[in-house]
$ cat upload-v1.txt   # compact mmCIF, C-alpha atoms and all ligand atoms
# COMPACT_ATOMS: atom_id res chain seq x y z
CA MET A 437 66.76 109.10 92.06
CA ASP A 438 65.01 106.28 90.19
CA ILE A 439 63.20 103.80 92.42
CA LEU A 440 62.13 100.51 90.87
CA VAL A 441 59.93 98.16 92.85
CA GLU A 442 60.04 94.54 91.78
CA GLN A 443 57.64 91.78 92.74
CA ASN A 444 60.17 89.63 94.59
CA TYR A 445 63.83 88.91 95.29
CA GLU A 446 64.35 87.05 92.00
CA SER A 447 63.05 89.88 89.82
CA MET A 448 65.00 92.45 91.89
CA SER A 449 68.18 90.44 91.24
CA GLN A 450 67.44 89.99 87.55
CA THR A 451 66.66 93.67 86.96
CA ALA A 452 69.84 94.72 88.78
CA ALA A 453 71.96 92.25 86.80
CA ARG A 454 70.46 93.43 83.51
CA LEU A 455 71.20 97.05 84.36
CA VAL A 456 74.85 96.21 85.11
CA ALA A 457 75.08 93.91 82.08
CA ARG A 458 73.96 96.76 79.85
CA GLU A 459 76.65 99.02 81.28
CA ILE A 460 79.31 96.34 80.65
CA LEU A 461 78.07 95.84 77.08
CA LEU A 462 78.33 99.58 76.45
CA VAL A 463 81.63 100.03 78.32
CA PRO A 464 83.54 96.71 78.45
CA ASP A 465 86.31 98.23 80.58
CA LEU A 466 83.83 99.47 83.17
CA VAL A 467 85.19 100.15 86.68
CA LEU A 468 82.60 98.43 88.84
CA GLY A 469 82.31 98.74 92.60
CA LEU A 470 80.94 95.58 94.20
CA ALA A 471 79.16 94.73 97.44
CA THR A 472 78.71 91.55 99.47
CA GLY A 473 76.03 90.38 101.93
CA ASN A 474 72.83 88.40 101.45
CA THR A 475 71.19 90.92 99.15
CA PRO A 476 73.38 90.61 96.03
CA VAL A 477 73.65 86.79 96.03
CA GLY A 478 70.94 86.49 93.34
CA PHE A 479 72.46 89.38 91.40
CA TYR A 480 75.79 87.54 91.13
CA SER A 481 74.02 84.32 90.06
CA GLU A 482 72.34 86.25 87.25
CA LEU A 483 75.66 87.76 86.11
CA VAL A 484 77.25 84.29 86.13
CA LYS A 485 74.31 82.94 84.11
CA LEU A 486 74.75 85.66 81.48
CA HIS A 487 78.41 84.72 81.18
CA GLU A 488 77.70 80.98 80.94
CA GLU A 489 75.20 81.70 78.16
CA ASN A 490 78.02 83.56 76.34
CA LEU A 491 76.07 86.79 76.52
CA LEU A 492 78.56 88.73 78.60
CA ASP A 493 82.33 88.99 78.59
CA TYR A 494 84.08 90.30 81.68
CA SER A 495 87.62 90.21 80.32
CA SER A 496 88.07 94.00 80.41
CA LEU A 497 86.10 94.67 83.58
CA LYS A 498 87.84 96.09 86.63
CA THR A 499 86.24 95.61 90.05
CA PHE A 500 86.68 97.18 93.48
CA ASN A 501 84.94 95.67 96.47
CA LEU A 502 83.51 97.95 99.13
CA ASP A 503 84.78 96.28 102.25
CA GLU A 504 86.33 93.36 104.12
CA TYR A 505 86.44 92.33 107.76
CA TYR A 506 89.70 93.05 109.60
CA PRO A 507 91.66 91.11 110.46
CA ILE A 508 90.64 88.08 108.43
CA PRO A 509 92.51 85.75 106.06
CA PRO A 510 91.02 85.62 102.53
CA SER A 511 90.60 81.85 102.96
CA HIS A 512 88.21 82.27 105.92
CA PRO A 513 84.79 80.95 104.79
CA GLU A 514 83.13 84.19 105.97
CA SER A 515 85.63 86.58 104.38
CA PHE A 516 84.20 88.81 101.68
CA THR A 517 87.09 87.71 99.48
CA ASN A 518 85.90 84.11 99.75
CA TYR A 519 82.31 85.22 99.13
CA MET A 520 83.30 87.03 95.94
CA TYR A 521 85.31 84.14 94.51
CA GLU A 522 82.70 81.51 95.39
CA ARG A 523 79.75 83.47 94.03
CA PHE A 524 81.27 85.35 91.13
CA PHE A 525 84.96 85.42 90.25
CA ASN A 526 85.46 81.62 90.08
CA HIS A 527 82.70 81.42 87.45
CA VAL A 528 83.49 84.34 85.15
CA ASN A 529 86.48 85.76 83.31
CA VAL A 530 87.42 88.92 85.20
CA PRO A 531 91.25 88.92 84.99
CA GLU A 532 92.83 88.32 88.39
CA GLN A 533 94.86 91.53 88.14
CA ASN A 534 91.64 93.53 87.67
CA ILE A 535 90.11 92.32 90.94
CA TYR A 536 90.54 94.56 94.00
CA ILE A 537 89.14 93.52 97.39
CA PRO A 538 90.37 95.15 100.60
CA ASP A 539 92.98 92.85 102.12
CA GLY A 540 92.04 91.85 105.66
CA THR A 541 95.61 90.71 106.39
CA VAL A 542 97.58 93.93 105.80
CA GLU A 543 99.73 95.32 108.58
CA SER A 544 100.27 98.88 107.34
CA VAL A 545 96.59 99.66 107.32
CA GLU A 546 96.80 103.40 106.72
CA GLU A 547 99.22 103.06 103.84
CA TYR A 548 97.17 100.24 102.33
CA CYS A 549 93.93 102.26 102.52
CA ARG A 550 95.66 105.18 100.84
CA ARG A 551 96.81 102.84 98.06
CA TYR A 552 93.27 101.47 97.68
CA GLU A 553 92.02 105.00 96.99
CA GLU A 554 94.90 105.53 94.55
CA TRP A 555 94.08 102.30 92.70
CA ILE A 556 90.51 103.52 92.23
CA GLU A 557 91.75 106.93 91.05
CA GLU A 558 94.38 105.43 88.72
CA SER A 559 91.60 103.34 87.16
CA GLY A 560 89.75 106.53 86.29
CA GLY A 561 87.31 106.35 89.23
CA LEU A 562 84.29 104.15 89.86
CA ASP A 563 81.83 104.14 86.97
CA LEU A 564 79.15 102.24 88.86
CA GLN A 565 78.96 101.27 92.53
CA LEU A 566 76.67 98.51 93.77
CA LEU A 567 75.40 98.92 97.35
CA GLY A 568 73.28 97.11 99.89
CA ILE A 569 71.95 98.85 102.98
CA GLY A 570 72.31 97.76 106.59
CA LYS A 571 69.32 97.80 108.96
CA ASN A 572 71.12 100.67 110.69
CA GLY A 573 71.46 102.57 107.39
CA HIS A 574 75.11 101.77 106.75
CA ILE A 575 76.54 101.67 103.22
CA GLY A 576 79.73 99.66 102.95
CA TYR A 577 80.78 99.65 106.59
CA ASN A 578 80.19 103.36 106.97
CA GLU A 579 78.27 103.07 110.19
CA PRO A 580 75.97 105.70 111.78
CA GLY A 581 77.97 108.76 112.81
CA CYS A 582 80.61 108.34 110.07
CA SER A 583 81.95 111.39 108.28
CA TRP A 584 80.75 112.45 104.84
CA ASP A 585 84.44 113.13 104.10
CA SER A 586 85.54 109.60 104.85
CA VAL A 587 87.66 107.59 102.42
CA THR A 588 88.93 104.01 102.60
CA ARG A 589 89.92 103.25 106.19
CA LEU A 590 89.72 100.89 109.16
CA VAL A 591 86.45 101.24 111.11
CA GLU A 592 84.84 99.81 114.23
CA LEU A 593 81.69 97.86 113.40
CA ASP A 594 78.41 98.97 114.92
CA PRO A 595 77.21 96.29 117.40
CA ARG A 596 74.00 95.94 115.32
CA THR A 597 76.05 95.02 112.25
CA MET A 598 77.33 91.79 113.79
CA GLU A 599 74.04 90.77 115.45
CA GLY A 600 73.20 87.17 114.71
CA GLN A 601 76.63 86.47 113.18
CA SER A 602 78.22 84.81 116.20
CA ASP A 603 77.51 81.34 114.78
CA LYS A 604 79.72 82.13 111.78
CA PHE A 605 82.86 83.13 113.69
CA ASP A 606 84.78 81.80 116.67
CA ASN A 607 85.70 85.42 117.37
CA PRO A 608 83.36 87.73 115.44
CA PRO A 609 85.35 90.62 113.92
CA THR A 610 84.80 94.05 115.44
CA GLN A 611 86.56 95.99 112.69
CA ALA A 612 86.55 96.24 108.91
CA LEU A 613 88.28 97.99 106.03
CA THR A 614 85.76 99.96 104.01
CA MET A 615 85.57 102.47 101.22
CA GLY A 616 84.40 105.78 102.68
CA VAL A 617 81.26 107.79 102.02
CA LYS A 618 83.31 110.13 99.84
CA THR A 619 84.70 107.19 97.86
CA ILE A 620 81.18 105.90 97.24
CA MET A 621 79.77 109.34 96.38
CA GLY A 622 82.59 109.70 93.83
CA ALA A 623 81.10 106.94 91.67
CA ASP A 624 79.40 108.21 88.50
CA GLN A 625 76.42 105.96 89.09
CA ILE A 626 75.10 104.11 92.14
CA LEU A 627 72.87 101.06 92.27
CA LEU A 628 71.31 100.33 95.67
CA LEU A 629 69.52 97.04 96.29
CA ALA A 630 67.30 96.13 99.23
CA SER A 631 65.14 93.12 99.84
CA GLY A 632 62.78 91.92 102.55
CA ALA A 633 60.52 93.39 105.22
CA LYS A 634 63.42 93.91 107.65
CA LYS A 635 64.77 96.66 105.34
CA ALA A 636 61.45 98.48 104.79
CA GLU A 637 61.86 100.98 107.61
CA VAL A 638 65.47 101.94 106.89
CA VAL A 639 64.76 102.24 103.16
CA GLU A 640 61.97 104.72 103.87
CA VAL A 641 64.09 106.74 106.30
CA ALA A 642 67.13 106.75 104.00
CA LEU A 643 65.23 107.78 100.89
CA ASN A 644 62.67 110.20 102.39
CA GLY A 645 64.08 111.28 105.74
CA PRO A 646 66.61 114.01 106.47
CA VAL A 647 70.13 113.67 105.12
CA THR A 648 72.01 112.82 108.29
CA THR A 649 75.12 110.90 109.31
CA ASP A 650 72.84 108.95 111.67
CA VAL A 651 71.60 107.21 108.51
CA PRO A 652 74.64 107.06 106.21
CA ALA A 653 72.59 105.89 103.19
CA SER A 654 70.61 109.15 103.32
CA ILE A 655 73.60 110.86 101.65
CA LEU A 656 72.55 109.11 98.43
CA GLN A 657 69.73 111.68 98.18
CA LEU A 658 72.47 114.13 97.16
CA HIS A 659 73.91 111.94 94.38
CA PRO A 660 72.67 112.83 90.91
CA ASN A 661 72.58 109.32 89.46
CA VAL A 662 71.17 106.70 91.83
CA THR A 663 68.96 103.76 90.93
CA VAL A 664 67.29 101.93 93.80
CA ILE A 665 65.88 98.48 93.12
CA LEU A 666 63.65 97.06 95.85
CA ASP A 667 61.42 94.06 96.20
CA ARG A 668 57.84 94.71 97.36
CA GLU A 669 58.62 93.93 100.99
CA ALA A 670 61.53 96.36 101.19
CA ALA A 671 59.36 99.03 99.51
CA ALA A 672 56.41 98.53 101.87
CA GLU A 673 56.91 101.76 103.84
CA LEU A 674 57.30 104.01 100.78
CA ASP A 675 54.27 106.06 99.72
CA GLY A 676 52.54 104.64 96.70
CA CYS A 677 54.26 101.24 96.92
P1 LIG B 1 72.70 92.22 103.68
O1 LIG B 1 73.68 93.34 104.13
O2 LIG B 1 72.67 92.24 102.18
O3 LIG B 1 73.30 90.95 104.20
O4 LIG B 1 71.35 92.53 104.27
C1 LIG B 1 73.57 94.60 103.55
C2 LIG B 1 74.57 95.52 104.17
O5 LIG B 1 74.87 95.36 105.37
O6 LIG B 1 75.04 96.43 103.48

$ encode --input "upload-v1.txt" --output "structure tokens" --more "lines below"
Ligand code: PGA
Amino acid sequence: MDILVEQNYESMSQTAARLVAREILLVPDLVLGLATGNTPVGFYSELVKLHEENLLDYSSLKTFNLDEYYPIPPSHPESFTNYMYERFFNHVNVPEQNIYIPDGTVESVEEYCRRYEEWIEESGGLDLQLLGIGKNGHIGYNEPGCSWDSVTRLVELDPRTMEGQSDKFDNPPTQALTMGVKTIMGADQILLLASGAKKAEVVEVALNGPVTTDVPASILQLHPNVTVILDREAAAELDGC
């Protein structure tokens, strides 16, 4: 596992974007797993900037997002679909048919989740998966106690996940569609980002503690190709940082 500690949020975002940009330059038809949340906002801005400067072409890229609230219409301002279009897809040239985001409106959930896994497989699997980490150690919406064998499915959100979000929703969602731990671990390469003092403790536990389903991100210790990019605050509890 490579751990890079950057001075601040901006340099964390820039380093992450450059790493992904290099992969896209080398493999234009990369299959890229994407994440939402506060952490990757700067990362997406950097990728948009590279495109606007004509340095990066996304016309062969294929993307799969990790998760989406359920149920939620894509047009909801807090949907991850809306997040992705506002921050990234509306500003770059990823072809519409190459964009996969779990659909928070589907009725046949089980069948849809099975198809989502098949779409990833039919694309040749995830080359690179971007991840954030929840304060409770979740990756995607694989909450504490989830199974290492899990694939894309409907999950109940941990109460801690929705803390402080009640201002954003009339009825905060209690469920989500998410890629599973097994789906994530199937990616050839994983890029985990974390920023800010509120992530310092969970970062330390996930990277140095026991591998346990109580801290889903700890499974990344078993993946052979993980890069972790932290800002100084998120790295504060790690030895030598
Ligand atoms: P955040 O969320 O980037 O908004 O902190 C990360 C996550 O829950 O995975």

$ residues_near_ligand --input "upload-v1.txt" --ligand "ligand LIG 1 (chain B)" --cutoff "6 Å" --atoms "only C-alpha atoms and all ligand atoms" --output "PyMOL selection string"
chain A and resi 473-475+568-570+575-576

$ atom_distance --input "upload-v1.txt" --atom1 "atom CA of Val639 of chain A" --atom2 "atom CA of Glu673 of chain A"
7.9 Å

$ closest_atom_pairs --input "upload-v1.txt" --of "segment 515-631 of chain A" --to "segment 441-456 of chain A" --cutoff "8 Å" --atoms "all atoms listed in the file" --output "Markdown table"
| residue | atom | partner | partner_atom | distance |
| --- | --- | --- | --- | --- |
| A:Leu627 | CA | A:Ala452 | CA | 7.8 |
| A:Leu629 | CA | A:Met448 | CA | 7.8 |
| A:Ser631 | CA | A:Tyr445 | CA | 6.3 |

$ closest_residue --input "upload-v1.txt" --among "A:Ser495, A:Gln533, A:Ser515, A:Thr588" --to "Glu547 of chain A" --atoms "all atoms listed in the file"
A:Thr588

$ atom_distance --input "upload-v1.txt" --atom1 "atom CA of Gln611 of chain A" --atom2 "atom CA of Glu557 of chain A"
24.8 Å

$ atom_distance --input "upload-v1.txt" --atom1 "atom CA of Cys549 of chain A" --atom2 "atom CA of Arg589 of chain A"
5.5 Å

$ closest_atom_pairs --input "upload-v1.txt" --of "segment 486-597 of chain A" --to "segment 613-625 of chain A" --cutoff "6 Å" --atoms "all atoms listed in the file" --output "JSON lines"
{"residue": "A:Leu502", "atom": "CA", "partner": "A:Met615", "partner_atom": "CA", "distance": 5.4}
{"residue": "A:Asp503", "atom": "CA", "partner": "A:Thr614", "partner_atom": "CA", "distance": 4.2}
{"residue": "A:Glu504", "atom": "CA", "partner": "A:Leu613", "partner_atom": "CA", "distance": 5.4}
{"residue": "A:Leu562", "atom": "CA", "partner": "A:Ala623", "partner_atom": "CA", "distance": 4.6}
{"residue": "A:Asp563", "atom": "CA", "partner": "A:Asp624", "partner_atom": "CA", "distance": 5.0}
{"residue": "A:Leu564", "atom": "CA", "partner": "A:Gln625", "partner_atom": "CA", "distance": 4.6}
{"residue": "A:Tyr577", "atom": "CA", "partner": "A:Thr614", "partner_atom": "CA", "distance": 5.6}
{"residue": "A:Trp584", "atom": "CA", "partner": "A:Val617", "partner_atom": "CA", "distance": 5.5}
{"residue": "A:Asp585", "atom": "CA", "partner": "A:Lys618", "partner_atom": "CA", "distance": 5.3}
{"residue": "A:Ser586", "atom": "CA", "partner": "A:Gly616", "partner_atom": "CA", "distance": 4.5}
{"residue": "A:Val587", "atom": "CA", "partner": "A:Gly616", "partner_atom": "CA", "distance": 3.7}
{"residue": "A:Thr588", "atom": "CA", "partner": "A:Met615", "partner_atom": "CA", "distance": 3.9}
{"residue": "A:Arg589", "atom": "CA", "partner": "A:Leu613", "partner_atom": "CA", "distance": 5.5}
{"residue": "A:Leu590", "atom": "CA", "partner": "A:Leu613", "partner_atom": "CA", "distance": 4.5}

$ write_last_selection --input "upload-v1.txt" --atoms "C-alpha atoms" --output "compact mmCIF listing (two decimals), in the coordinates of the input"
# COMPACT_ATOMS: atom_id res chain seq x y z
CA LEU A 502 83.51 97.95 99.13
CA ASP A 503 84.78 96.28 102.25
CA GLU A 504 86.33 93.36 104.12
CA LEU A 562 84.29 104.15 89.86
CA ASP A 563 81.83 104.14 86.97
CA LEU A 564 79.15 102.24 88.86
CA TYR A 577 80.78 99.65 106.59
CA TRP A 584 80.75 112.45 104.84
CA ASP A 585 84.44 113.13 104.10
CA SER A 586 85.54 109.60 104.85
CA VAL A 587 87.66 107.59 102.42
CA THR A 588 88.93 104.01 102.60
CA ARG A 589 89.92 103.25 106.19
CA LEU A 590 89.72 100.89 109.16

$ residues_around --input "upload-v1.txt" --residues "segment 640-647 of chain A" --least-positions-apart "6" --cutoff "10 Å" --atoms "all atoms listed in the file" --output "PyMOL selection string"
chain A and resi 437+439+569+572-574+653-658+664+670-675

$ closest_residue --input "upload-v1.txt" --among "A:Ala633, A:Ala612, A:Val528, A:Ala471" --to "Asn490 of chain A" --atoms "all atoms listed in the file"
A:Val528

$ residues_around --input "upload-v1.txt" --residues "Ile535 of chain A" --least-positions-apart "2" --cutoff "8 Å" --atoms "all atoms listed in the file" --output "list in words"
Lys498, Thr499, Phe500, Val530, Pro531, Glu532, Gln533 and Ile537 of chain A

$ residues_near_point --input "upload-v1.txt" --point "(72.3, 94.0, 113.5)" --cutoff "9 Å" --atoms "only C-alpha atoms" --output "list in words"
Gly570, Lys571, Asn572, Asp594, Pro595, Arg596, Thr597, Met598, Glu599, Gly600 and Gln601 of chain A

$ closest_residue --input "upload-v1.txt" --among "A:Ile460, A:Thr472, A:Met520, A:Tyr480" --to "Asp493 of chain A" --atoms "all atoms listed in the file"
A:Ile460

$ closest_residue --input "upload-v1.txt" --among "A:Asp438, A:Leu468, A:Glu553, A:Asn529" --to "Leu666 of chain A" --atoms "all atoms listed in the file"
A:Asp438

$ closest_residue --input "upload-v1.txt" --among "A:Ile508, A:Leu461, A:Ile556, A:Ala636" --to "Asp667 of chain A" --atoms "only C-alpha atoms"
A:Ala636

$ closest_residue --input "upload-v1.txt" --among "A:Thr610, A:Asn518, A:Thr649, A:Ser544" --to "Tyr506 of chain A" --atoms "all atoms listed in the file"
A:Thr610

$ residues_around --input "upload-v1.txt" --residues "Glu558 of chain A" --least-positions-apart "6" --cutoff "12 Å" --atoms "all atoms listed in the file" --output "list in words"
Val467, Lys498, Arg551 and Tyr552 of chain A

$ residues_around --input "upload-v1.txt" --residues "Leu628 of chain A" --least-positions-apart "2" --cutoff "7 Å" --atoms "only C-alpha atoms" --output "ChimeraX atom specification"
/A:566-568,626,630,663-665

$ residues_near_point --input "upload-v1.txt" --point "(85.5, 98.6, 79.8)" --cutoff "6 Å" --atoms "all atoms listed in the file" --output "NGL selection string"
:A and (463-466 or 496-497)

$ write_last_selection --input "upload-v1.txt" --atoms "C-alpha atoms" --output "short mmCIF file (atom, residue, chain, number, x, y, z; two decimals), in the frame of the given file"
data_model
loop_
_atom_site.label_atom_id
_atom_site.label_comp_id
_atom_site.auth_asym_id
_atom_site.auth_seq_id
_atom_site.Cartn_x
_atom_site.Cartn_y
_atom_site.Cartn_z
CA VAL A 463 81.63 100.03 78.32
CA PRO A 464 83.54 96.71 78.45
CA ASP A 465 86.31 98.23 80.58
CA LEU A 466 83.83 99.47 83.17
CA SER A 496 88.07 94.00 80.41
CA LEU A 497 86.10 94.67 83.58
#

$ axis_aligned_box --input "upload-v1.txt" --around "segment 606-624 of chain A" --padding-each-side "3 Å" --output "AutoDock Vina command-line options"
--center_x 83.8 --center_y 96.0 --center_z 102.9 --size_x 14.9 --size_y 34.3 --size_z 34.9
